[in-house]
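*Asks:* Attaching a single structure in structure tokens format; questions to follow.
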2 protein chains.
Amino acid sequence: MTPPIVSSVSETREQLDRVRRAGKRIGLVPTMGALHAGHASLIERARAECDFVVVSIFVNPLQFGPSEDYQRYPRPIEKDFALCAENGVDLIFAPETGDMYASPQITFVEMTRITDHLCGAFRPGHFRGVATVVLKLFNIVQPDFAYFGEKDYQQLCVIRRMVDDFNLPLTTVPVPTYRESDGLALSSRNVYLSAAERAAAPALYRILTLAREQIASGEKDSAIIRSAAMNVLAAEPLIRVQYFEIVDPSEVQPVATVTGPVRIAAAIFIGKTRLIDNVAAGN
Amino acid sequence: MTPPIVSSVSETREQLDRVRRAGKRIGLVPTMGALHAGHASLIERARAECDFVVVSIFVNPLQFGPSEDYQRYPRPIEKDFALCAENGVDLIFAPETGDMYASPQITFVEMTRITDHLCGAFRPGHFRGVATVVLKLFNIVQPDFAYFGEKDYQQLCVIRRMVDDFNLPLTTVPVPTYRESDGLALSSRNVYLSAAERAAAPALYRILTLAREQIASGEKDSAIIRSAAMNVLAAEPLIRVQYFEIVDPSEVQPVATVTGPVRIAAAIFIGKTRLIDNVAAGN
């Protein structure tokens with residue numbers, strides 16, 4: 001059975017106030033729709049830990065740059081509702097843009113340092129938009145737990161730090177990246193790929209695992225690890241690298257020498273499609 | 001009887017969780033201490049509307065500029081506790097700076113437009129610091145109602161708009177400015193004034209009421225109204241004007257021609273002491 005789909009902010013508040021008063025633990029899975037098995041794994045985790053699971057579906061204009069894919073971002077809303085129904089979601093919050101940004105928005109979440117590298121360096125304003133809309137969703141839904149995929153690793157770090165820095169009364173739960181059998185991380189943007197591009201895409205995960213293996217074998221020099229990755233991608237004519245960085249796992253700052261736990265993160269373009277991925281290493 | 005004084009963020013959360021589960025409405029009066037009759041009027045209003053009143057006392061370093069009075073800001077903590085006790089406060093939250101900024105803080109509330117004029121123009125970063133700490137206090141206390149004096153009018157507008165823009169689940173309540181019999185608005189900074197300076201200080205409220213009367217008499221030209229105010233202050237050798245502005249009452253933008261409700265706001269220096277005040281007009 002399809003769960004209730006609520007578009008109104010105030011009605012969502014009312015319904016969830018009742019849930020909260022009944023003493024139920026609320027879990028939130030914030031999404032931009034175009035749901036896939038990665039989202040299903042977030043929902044599954046939320047169901048295991050919470051009494052009531054909310055999925056929000058909102059393609060947030062604030063986090064897209066002017067030359068980015070806000071307009072063409074996939075919006076298969078009926079499929080999304082079906083996936084939520086199949087996975088036991090209790091409420092779908094699918095607001096209109098005009099209701100989410102009713103004021104209009106002149107208040108933003110700004111972060112320093114943690115947004116300086118990786119995607120933050122190439123998508124100015126992106127994490128401001130992400131953090132702002134997630135804070136709004138947190139305040140509307142007031143979840144006890146909120147679930148974020150590790151695939152968007154810098155986003156996870158941004159949210160986790162926002163929760164700490166703003167003393168938000170909830171727990172952020174990271175969920176491991178869901179991958180195809182050839183290693184490609186699931187992403188709503190994978191649908192943009194042609195067959196040839198799709199065949200090339202697993203190289204992203206391959207260079208990350210290669211880097212992880214080098215670190216496991218004792219290599220500590222980030223420049224050497226990056227060179228090896230670049231050499232592999234040089235053989236992929238469809239792929240253009242945006243960044244490949246080895247960073248500390250909490251504030252996402254580049255490390256020149258690997259001496260402890262790190263995150264290896266990369267972004268590539270295949271044609272017009274931008275894909276990101278990351279793995280843990282040095283543990 | 002003195003109410004419980006809690007310095008720990010986590011213990012405050014625990015105590016207030018119990019209050020909330022008991023179904024009580026929580027009111028928060030955020031202060032920097034140095035409490036006076038103006039604060040007492042905020043507490044009184046909170047007591048009338050809520051079941052449980054929290055006063056926070058925290059001199060927030062984030063909202064002071066490097067050349068401002070953070071170090072010498074008055075901290076008469078025993079007198080503050082006594083005022084809270086006399087006024088029926090249920091809990092005093094008086095955190096340490098290290099507990100409030102444990103992370104350390106790299107996440108901030110940034111606002112555009114509404115902070116461009118009045119104090120925002122002269123105290124860069126001030127409202128970022130105010131909004132950030134108030135958001136943290138809101139998330140720790142999770143009040144149903146929060147009380148702010150109209151004396152700090154731009155601050156009130158900033159908080160009110162932050163509550164709207166971030167969809168915060170609480171109501172902001174403005175409380176009228178409390179004045180001495182000669183019109184001087186109560187402020188924790190009035191203690192800085194010498195006897196001669198104190199005697200000159202009511203000129204601030206006098207120019208605001210003069211401007212209000214001009215508007216009530218039909219004057220619409222903000223430049224003419226400002227000139228009249230400047231002429232009055234020219235006769236006050238101890239006073240230096242920082243700003244005198246007529247602004248719209250919600251986004252605090254200067255208006256050249258008064259055609260509806262406005263706020264008249266001014267900031268002056270008397271010696272080293274900076275005083276602000278404002279009145280409504282054009283209603």
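Quick note on naming: the chains in the structure tokens go A, B, ... in the order shown, residues restart at 1 in each chain, and ligands are numbered from 1 in order of appearance.
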Name all residues at most 6 Å from segment 145-147 of chain A (count only C-alpha atoms; drop same-chain ones fewer than 2 positions away) and give them as a PyMOL selection string.

*Replies:* chain A and resi 27-29+143+170-173

*Asks:* Based on the selection just made, write C-alpha atoms of those residues as a PDB file, in the first residue's frame.

*Replies:*
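Written file, again11.pdb:
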```
ATOM      1  CA  GLY A  27      13.568   8.296  11.016  1.00  0.00           C
ATOM      2  CA  LEU A  28      14.099  10.616   8.046  1.00  0.00           C
ATOM      3  CA  VAL A  29      15.611   9.661   4.698  1.00  0.00           C
ATOM      4  CA  PRO A 143      13.445  13.185  13.237  1.00  0.00           C
ATOM      5  CA  LEU A 170      19.057  14.133  16.305  1.00  0.00           C
ATOM      6  CA  THR A 171      21.544  11.460  15.253  1.00  0.00           C
ATOM      7  CA  THR A 172      23.024  11.283  11.759  1.00  0.00           C
ATOM      8  CA  VAL A 173      23.444   7.716  10.510  1.00  0.00           C
TER       9      VAL A 173
END
```

*Asks:* Please determine the contact residues of chain B with respect to chain A at a cut-off of 8 Å, counting only C-alpha atoms, and supply them as an NGL selection string.

*Replies:* :B and (101-114 or 132 or 135-136 or 139-140 or 161-162 or 164-169)

*Asks:* Considering only C-alpha atoms, state which residue in the set B:Ala37, B:Leu193, B:Ile276, B:Leu118 is at the smallest distance from Glu245 of chain B.

*Replies:*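 With only C-alpha atoms as the atom set, the closest residue is B:Leu118.
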
*Asks:* What is the atom CA of Pro176 of chain B-atom CA of Lys151 of chain B distance in Å, reported with one decimal?

*Replies:*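 Distance between the two atoms: 7.3 Å.
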
*Asks:* What's around segment 261-270 of chain B at 7 Å? Count only C-alpha atoms, leave out sequence neighbours fewer than 5 positions away in its own chain, and write the answer as a PyMOL selection string.

*Replies:* chain B and resi 197+208+238-249+275-283

*Asks:* Using C-alpha atoms, can you write the selected residues to a file as a tab-separated table (two decimals), in the first residue's frame?

*Replies:*
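After the write, part_11.tsv holds the following:
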```
chain	number	residue	atom	x	y	z
B	197	GLU	CA	26.66	60.87	30.03
B	208	LEU	CA	13.05	59.10	17.87
B	238	LEU	CA	28.67	64.27	24.49
B	239	ILE	CA	26.79	62.47	21.71
B	240	ARG	CA	28.14	61.23	18.39
B	241	VAL	CA	25.61	59.68	15.99
B	242	GLN	CA	26.45	56.35	14.32
B	243	TYR	CA	23.22	56.00	12.33
B	244	PHE	CA	19.68	57.33	12.18
B	245	GLU	CA	17.52	55.39	9.73
B	246	ILE	CA	13.89	54.98	8.81
B	247	VAL	CA	13.37	51.41	7.65
B	248	ASP	CA	10.62	49.00	6.71
B	249	PRO	CA	9.59	46.95	9.75
B	275	LEU	CA	23.49	52.89	22.74
B	276	ILE	CA	20.70	51.91	20.34
B	277	ASP	CA	16.97	52.50	20.36
B	278	ASN	CA	14.00	52.48	18.00
B	279	VAL	CA	10.29	53.25	17.76
B	280	ALA	CA	7.44	52.29	15.46
B	281	ALA	CA	5.84	54.99	13.32
B	282	GLY	CA	3.54	55.48	10.36
B	283	ASN	CA	0.98	53.02	11.70
```

*Asks:* Excluding same-chain residues fewer than 4 positions from Ile225 of chain B, what lies within 8 Å of it counting only C-alpha atoms, as a list in words?

*Replies:*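 Listing them by chain and then by number gives Ala211, Gln214, Glu219, Asp221 and Ala229 of chain B.
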
*Asks:* Just how far from atom CA of Val53 of chain A is atom CA of Glu11 of chain A, in Å to one decimal?

*Replies:*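 Result for atom CA of Glu11 of chain A versus atom CA of Val53 of chain A: 16.3 Å, one decimal.
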
*Asks:* Excluding Val191 of chain A and its own-chain neighbours fewer than 3 positions away, which residues fall within 10 Å of it when counting only C-alpha atoms? Please give them as number ranges by chain.

*Replies:* A: 34, 73-74, 186-188, 194, 198, 273

*Asks:* Counting only C-alpha atoms, what is within 7 Å of segment 1-6 of chain A, bar same-chain residues fewer than 4 positions away, as an MDAnalysis selection string?

*Replies:* chainID A and resid 12 81:82 85 89:94

*Asks:* Could you pull the residues within 9 Å of Gly65 of chain A, counting only C-alpha atoms, minus those fewer than 4 positions along the same chain, as a PyMOL selection string?

*Replies:* chain A and resi 61+69-70+123-126

*Asks:* Next, the residues of the selection above should be written as an mmCIF file, in the first residue's frame with N, CA and C atoms.

*Replies:*
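After the write, result_27.cif holds the following:
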```
data_model
loop_
_atom_site.group_PDB
_atom_site.id
_atom_site.type_symbol
_atom_site.label_atom_id
_atom_site.label_comp_id
_atom_site.auth_asym_id
_atom_site.auth_seq_id
_atom_site.Cartn_x
_atom_site.Cartn_y
_atom_site.Cartn_z
ATOM 1 N N PRO A 61 16.312 23.380 -5.586
ATOM 2 C CA PRO A 61 16.994 24.273 -6.536
ATOM 3 C C PRO A 61 18.221 24.961 -5.937
ATOM 4 N N ASP A 69 22.360 20.532 -13.581
ATOM 5 C CA ASP A 69 21.258 19.783 -14.198
ATOM 6 C C ASP A 69 19.941 19.844 -13.420
ATOM 7 N N TYR A 70 19.659 21.009 -12.801
ATOM 8 C CA TYR A 70 18.397 21.101 -12.034
ATOM 9 C C TYR A 70 17.172 20.788 -12.895
ATOM 10 N N ARG A 123 31.797 23.247 -6.875
ATOM 11 C CA ARG A 123 30.373 23.575 -6.916
ATOM 12 C C ARG A 123 30.090 24.675 -5.890
ATOM 13 N N PRO A 124 30.488 25.916 -6.200
ATOM 14 C CA PRO A 124 30.302 26.989 -5.210
ATOM 15 C C PRO A 124 28.824 27.135 -4.831
ATOM 16 N N GLY A 125 28.555 27.206 -3.554
ATOM 17 C CA GLY A 125 27.178 27.340 -3.089
ATOM 18 C C GLY A 125 26.436 26.025 -2.935
ATOM 19 N N HIS A 126 27.014 24.938 -3.463
ATOM 20 C CA HIS A 126 26.302 23.652 -3.407
ATOM 21 C C HIS A 126 26.009 23.227 -1.966
#
```
